[in-house]
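Enquirer: Here you go, one structure.
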Amino acid sequence: MRARAAFSLNRVGAMIERYTYLLRSSWPRLLEMIYWPAMQMFTWGFMQNYLLGLQTQGKANGAVMAAGALIGAVLLWDILLRGQQGFSFAFLEEMWSRNIANLLMSPLRPVELILSLMAMSLIRLVASVLPVALMAMLFFGFNLWSLGLAFWAFFAVLILFAWSVGLIVSGILLRYGLGTENLVWSLMFVIQPLGCVYYPVAVLPSWLQKVCWALPPTYVFEGLRGLLVSHVLRTDLMLTGLAIDAVLFAAATFGFFRLMASARRSGGLLQTGE
Amino acid sequence: MLQSTCPPLTIEGLTKFYGQTLAVGPLSFSLSAGSTTGLLGGNGAGKTTTIGMIMGLIEPTQGRIRVFGHDMARERLDVLGRMNFESPYVDMPHRLTVRQNLRVFARLYGVEDINGKIARLASDLALKDFLDRRNGSLSAGQKTRVALAKALINDPELLLLDEPTASLDPDTADWVRGYLEAHRRDRGCTILLASHNMSEVERLCDRVIMLRAGRLIDDASPGALLARYRRDRLEDVFLDVARGRTKDVSEAAS
């Protein structure tokens, strides 16, 4: 019965079980996962209908391109935002319940903890984005699954980036305590204007465009607009996005371990309050 | 009875600085298998920091910690399954029931017969009545028993306890001490107990390490300390140490 140092899927499973108990025990947590993406989708869905109406009446032209991609962008943005928050919230729960020392003192390896956070991010995504995607189909006729293989390419780029941000936020929480918890909610919103979620990169000043192209989500949202307008998936964009993702994910993992080591030096792991 | 060829715990020159402030050390001692050792000292003496370093939650500035012969700086993952701890600075998820919490930790520690183990602990620690209640709804005494159950879930060979009866009423505290005494006797595990509760230390410990301002001031059995300081109660020895009314350690040891 002695735990060995080898990687253990059973320990990853134990952590997923722990987070699942938590979700099942709290209806506000379950409700929160769905209501905000649904609100977003309805707001932008109606906006899209309005812009499409203007086009039909000949009162608008250029905006229509964007309008066609609007609801798709909203759904993909939710994958990015919810992917990161699902990761970070699971970690935050350990901080709130002062359980992190119990975990780090147990045979659970940090990499197993990270994998369980990724798994929870996916579980929360399915629970929140799937119903909203179905609502988008029902109310606005936008079928996310009709993107086919492109959807999975977009998903891969977005979720890897979401986990990178989740890792860094978790590391900061570990090192600097709950005083930094607002980052969990807000950091991804810095990415929104730079990731060009609702508009093409070309509308930005040229110096800012360089910053945008350093962010994987930009490749997804440019790719989505290209796909909906030209019906062509730019594989070059997806591959570049994934390559940047790989670098960022490696850097975020390194950063997480450095921040954890720093928390060990500062004694912060035993006192995980503000 | 659990057996191990290496000492359960060996500490050599353990030192911790926070910035320029010395928190602990240099500290050196070793625990023999099956013993209960008290780490005694006032607030800020370095008890929790020492326990934190042994657990691997705080990185020492200098020195070495070996648990069952494994260097905790490099091989802690090899040995964490053989130890466990309880601390008032740590809690368990409030929204999970006691059973769910114990189940998760049993899986983390690789316990095989999880349901059987939880049933035994529930019986030993009188948890049955609230096994399916949420951890957050329990009284301080009940929570302490649950934390103890978590600390014993893997039958640890080395058990680290940081003020295990802090904030408990005398009746519950006495019950917990009695349980720990019986557990050590039956299972033969080694216990390191940080406390500033003298009656607890006198009752449970066969050896006491006294700390002040992070430094080891004395290290002996409770009886030897009483004789050395010519006191009748360990509490008076504690006050002598806390207020600096001690001889030099080497002199005291001789």
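Every chain in the structure tokens takes a letter, A first, then B, and so on in the order presented; its residues are numbered from 1, and the ligands are numbered from 1 following the presented order.
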Listing only residues of chain B within 7 Å of chain A, what is the closest atom pair and its distance in Å (to one decimal) for each, using only C-alpha atoms, sorted by chain and residue number ascending, as a Markdown table?
Expert:
| residue | atom | partner | partner_atom | distance |
| --- | --- | --- | --- | --- |
| B:Tyr18 | CA | A:Ser266 | CA | 6.9 |
| B:Met55 | CA | A:Met105 | CA | 6.2 |
| B:Leu57 | CA | A:Arg264 | CA | 5.6 |
| B:Ile58 | CA | A:Arg264 | CA | 4.5 |
| B:Glu59 | CA | A:Arg265 | CA | 4.8 |
| B:Leu77 | CA | A:Ala5 | CA | 5.2 |
| B:Asp78 | CA | A:Ala5 | CA | 4.9 |
| B:Leu80 | CA | A:Pro107 | CA | 5.3 |
| B:Gly81 | CA | A:Ala3 | CA | 5.0 |
| B:Arg82 | CA | A:Arg2 | CA | 6.7 |
| B:Tyr89 | CA | A:Leu270 | CA | 6.5 |
| B:Val90 | CA | A:Arg98 | CA | 5.4 |
| B:Asp91 | CA | A:Arg98 | CA | 5.1 |
| B:Met92 | CA | A:Asn99 | CA | 5.3 |
| B:Pro93 | CA | A:Ser97 | CA | 5.1 |
| B:His94 | CA | A:Ser97 | CA | 6.6 |
| B:Arg95 | CA | A:Leu22 | CA | 6.4 |
| B:Leu96 | CA | A:Leu22 | CA | 6.4 |
| B:Val104 | CA | A:Ala14 | CA | 5.3 |
| B:Arg107 | CA | A:Ala14 | CA | 5.7 |
| B:Leu108 | CA | A:Arg11 | CA | 4.9 |
| B:Tyr109 | CA | A:Ala3 | CA | 5.7 |
| B:Gly110 | CA | A:Ala3 | CA | 5.3 |
| B:Val111 | CA | A:Met1 | CA | 5.4 |
| B:Glu112 | CA | A:Met1 | CA | 6.1 |
Enquirer: What does the file look like for those residues with N, CA and C atoms, as a short mmCIF file (atom, residue, chain, number, x, y, z; two decimals), in the first residue's frame?
Expert:
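Saved the output as part20.cif:
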data_model
loop_
_atom_site.label_atom_id
_atom_site.label_comp_id
_atom_site.auth_asym_id
_atom_site.auth_seq_id
_atom_site.Cartn_x
_atom_site.Cartn_y
_atom_site.Cartn_z
N TYR B 18 14.64 33.87 6.96
CA TYR B 18 13.70 34.64 6.14
C TYR B 18 14.34 36.01 5.95
N MET B 55 8.42 18.45 6.36
CA MET B 55 7.38 18.04 5.41
C MET B 55 7.74 18.39 3.97
N LEU B 57 7.54 21.48 2.83
CA LEU B 57 6.74 22.63 2.42
C LEU B 57 7.52 23.93 2.54
N ILE B 58 8.61 23.89 3.29
CA ILE B 58 9.48 25.06 3.42
C ILE B 58 10.89 24.60 3.07
N GLU B 59 11.56 25.37 2.22
CA GLU B 59 12.90 24.99 1.80
C GLU B 59 13.92 25.51 2.80
N LEU B 77 9.56 12.62 -2.93
CA LEU B 77 8.44 11.89 -3.51
C LEU B 77 8.54 10.39 -3.24
N ASP B 78 9.77 9.92 -2.95
CA ASP B 78 9.94 8.49 -2.66
C ASP B 78 9.46 8.13 -1.26
N LEU B 80 7.17 10.31 0.78
CA LEU B 80 5.97 10.99 1.30
C LEU B 80 4.84 10.01 1.62
N GLY B 81 4.80 8.88 0.93
CA GLY B 81 3.78 7.88 1.20
C GLY B 81 3.95 7.19 2.53
N ARG B 82 5.13 7.34 3.16
CA ARG B 82 5.39 6.67 4.43
C ARG B 82 5.22 7.61 5.62
N TYR B 89 -2.61 24.81 10.66
CA TYR B 89 -2.49 25.76 9.55
C TYR B 89 -3.09 25.21 8.26
N VAL B 90 -3.53 23.97 8.33
CA VAL B 90 -4.03 23.29 7.13
C VAL B 90 -5.43 22.78 7.42
N ASP B 91 -6.26 22.77 6.40
CA ASP B 91 -7.64 22.32 6.59
C ASP B 91 -7.98 21.36 5.45
N MET B 92 -9.20 20.83 5.51
CA MET B 92 -9.66 20.00 4.40
C MET B 92 -10.89 20.64 3.79
N PRO B 93 -11.15 20.35 2.51
CA PRO B 93 -12.27 21.00 1.83
C PRO B 93 -13.57 20.95 2.64
N HIS B 94 -14.16 22.09 2.87
CA HIS B 94 -15.35 22.17 3.72
C HIS B 94 -16.60 21.61 3.06
N ARG B 95 -16.67 21.70 1.74
CA ARG B 95 -17.92 21.29 1.08
C ARG B 95 -17.99 19.78 0.86
N LEU B 96 -16.85 19.12 1.01
CA LEU B 96 -16.86 17.66 0.87
C LEU B 96 -17.24 17.03 2.20
N VAL B 104 -10.69 10.61 -0.96
CA VAL B 104 -9.73 11.26 -1.87
C VAL B 104 -8.31 11.07 -1.34
N ARG B 107 -6.99 7.56 -1.78
CA ARG B 107 -6.53 7.31 -3.16
C ARG B 107 -5.17 7.97 -3.41
N LEU B 108 -4.99 9.19 -2.89
CA LEU B 108 -3.71 9.88 -3.08
C LEU B 108 -2.56 9.09 -2.45
N TYR B 109 -2.85 8.45 -1.32
CA TYR B 109 -1.81 7.69 -0.62
C TYR B 109 -1.75 6.23 -1.07
N GLY B 110 -2.56 5.87 -2.03
CA GLY B 110 -2.50 4.52 -2.58
C GLY B 110 -3.02 3.45 -1.65
N VAL B 111 -3.97 3.80 -0.77
CA VAL B 111 -4.56 2.80 0.13
C VAL B 111 -5.39 1.82 -0.70
N GLU B 112 -5.25 0.53 -0.40
CA GLU B 112 -5.93 -0.47 -1.24
C GLU B 112 -7.40 -0.68 -0.86
#
Enquirer: In stretch 28-71 of chain B, what's strand (DSSP E) per DSSP? Answer as a PyMOL selection string?
Expert: chain B and resi 28-31+36-40+62-67+70-71
Enquirer: Store the residues picked out above in a file with C-alpha atoms, as a PDB file, in the first residue's frame.
Expert:
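Listed below is the output, part_24.pdb:
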ATOM      1  CA  SER B  28      20.593  18.729  14.421  1.00  0.00           C
ATOM      2  CA  PHE B  29      18.822  15.729  15.869  1.00  0.00           C
ATOM      3  CA  SER B  30      17.678  12.259  14.998  1.00  0.00           C
ATOM      4  CA  LEU B  31      14.569  10.290  15.940  1.00  0.00           C
ATOM      5  CA  THR B  36       7.492  10.137  20.480  1.00  0.00           C
ATOM      6  CA  THR B  37       9.502  13.338  20.572  1.00  0.00           C
ATOM      7  CA  GLY B  38       8.158  16.723  21.600  1.00  0.00           C
ATOM      8  CA  LEU B  39       9.335  19.863  19.892  1.00  0.00           C
ATOM      9  CA  LEU B  40       8.773  22.395  22.611  1.00  0.00           C
ATOM     10  CA  GLN B  62      21.060  25.183   4.835  1.00  0.00           C
ATOM     11  CA  GLY B  63      21.254  21.694   6.215  1.00  0.00           C
ATOM     12  CA  ARG B  64      19.925  18.302   5.364  1.00  0.00           C
ATOM     13  CA  ILE B  65      16.815  16.321   6.262  1.00  0.00           C
ATOM     14  CA  ARG B  66      16.704  12.576   5.796  1.00  0.00           C
ATOM     15  CA  VAL B  67      13.521  10.562   6.226  1.00  0.00           C
ATOM     16  CA  HIS B  70      15.983   9.581   1.815  1.00  0.00           C
ATOM     17  CA  ASP B  71      17.236  13.121   1.271  1.00  0.00           C
TER      18      ASP B  71
END
Enquirer: Which residue, B:Arg203, B:Asn101, B:Gly41, B:Thr15, has the smallest gap to B:Lys143 when you use only C-alpha atoms?
Expert: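 For B:Lys143, the nearest of the given residues is B:Asn101.
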Enquirer: Residues within 9 Å of stretch 219-223 of chain A, please, as number ranges by chain. Count only C-alpha atoms; anything in the same chain fewer than 5 positions from it doesn't count.
Expert: A: 69, 73, 76-77, 150, 153-155, 157-158, 195-201, 212-213, 228, 232-235, 237-238, 240-241
Enquirer: Emit the selected residues as a compact mmCIF listing (two decimals), in the first residue's frame, including C-alpha atoms.
Expert:
# COMPACT_ATOMS: atom_id res chain seq x y z
CA ALA A 69 -18.20 35.54 -37.54
CA ALA A 73 -16.08 34.22 -32.06
CA LEU A 76 -14.59 30.26 -29.19
CA TRP A 77 -13.82 33.09 -26.77
CA ALA A 150 -11.31 23.31 -38.08
CA ALA A 153 -7.80 22.84 -34.56
CA PHE A 154 -9.22 26.03 -33.02
CA PHE A 155 -9.98 24.14 -29.82
CA VAL A 157 -4.82 26.16 -29.94
CA LEU A 158 -7.22 27.83 -27.51
CA GLY A 195 -6.36 38.37 -29.47
CA CYS A 196 -8.57 40.21 -32.00
CA VAL A 197 -11.63 38.21 -30.99
CA TYR A 198 -14.21 40.43 -32.71
CA TYR A 199 -12.20 42.32 -35.35
CA PRO A 200 -9.41 41.55 -37.80
CA VAL A 201 -5.79 42.21 -36.87
CA CYS A 212 -1.16 40.34 -31.47
CA TRP A 213 0.65 37.86 -33.68
CA LEU A 228 -16.51 31.70 -42.49
CA VAL A 232 -10.82 27.91 -46.32
CA LEU A 233 -9.00 26.74 -43.20
CA ARG A 234 -5.59 28.41 -43.04
CA THR A 235 -3.49 25.50 -41.79
CA LEU A 237 -2.18 29.94 -39.14
CA MET A 238 -3.13 26.93 -37.04
CA THR A 240 1.94 28.75 -36.18
CA GLY A 241 -0.57 29.15 -33.36
Enquirer: Using only C-alpha atoms, which protein or nucleic acid residues come within 7 Å of B:Asp219? Drop anything in the same chain fewer than 5 positions from it, and give the result as a VMD selection string.
Expert: chain B and resid 208 to 210
Enquirer: So that I can see what lies close to stretch 158-172 of chain B, please list as a count of residues only the residues with an atom at most 6 Å from it, counting only C-alpha atoms and leaving out residues fewer than 5 positions away in the same chain.
Expert: 13
Enquirer: Pick out the closest residue to B:Gly13 from this set: B:Leu239, B:Leu125, B:Leu216, B:Leu225. Count only C-alpha atoms.
Expert: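 With only C-alpha atoms as the atom set, the closest residue is B:Leu216.
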Enquirer: I'd like the contact shell of A:Gly72 - 10 Å cut-off, only C-alpha atoms, skipping same-chain residues fewer than 4 positions apart - returned as JSON, numbers by chain.
Expert: {"A": [41, 44, 45, 67, 68, 76, 77, 78, 133, 136, 142, 143, 144, 147, 197, 198, 221, 224, 225, 228]}
Enquirer: For atom CA of A:Gly177 and atom CA of A:Ala90, quote the distance in Å rounded to one decimal.
Expert: 15.2 Å
Enquirer: Show me, as a PyMOL selection string, the residues that have an atom within 12 Å of B:Ser123 when counting only C-alpha atoms, minus same-chain residues fewer than 6 positions from it.
Expert: chain B and resi 116-117+129-131+145-146+149
Enquirer: Deliver the residues from the most recent selection as a file, using C-alpha atoms, as a JSON list (two decimals), in the first residue's frame.
Expert:
[["chain", "number", "residue", "atom", "x", "y", "z"],
["B", 116, "GLY", "CA", -12.41, -0.89, 4.96],
["B", 117, "LYS", "CA", -9.80, 1.64, 6.01],
["B", 129, "ASP", "CA", -22.05, 9.77, 13.38],
["B", 130, "PHE", "CA", -20.79, 12.45, 11.03],
["B", 131, "LEU", "CA", -19.05, 10.49, 8.29],
["B", 145, "ARG", "CA", -10.56, 13.88, 14.74],
["B", 146, "VAL", "CA", -11.15, 14.00, 10.97],
["B", 149, "ALA", "CA", -8.01, 10.27, 10.46]]
Enquirer: Grab the atom CA of B:Asn115 to atom CA of B:Leu127 distance for me, in Å with one decimal place.
Expert: 13.8 Å
Enquirer: As a ChimeraX atom specification, list the residues of stretch 87-250 of chain B assigned to helix (DSSP H, G or I) by DSSP on the backbone atoms of this structure.
Expert: /B:98-108,114-124,128-130,135-137,140-151,170-187,198-204,222-229,234-242,249-250
Enquirer: Measuring atom to atom with only C-alpha atoms, identify which of B:Ile11, B:Ile217, B:Leu234, B:Leu27 is nearest to B:Cys205.
Expert: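 Smallest distance to B:Cys205 is found for B:Leu234.
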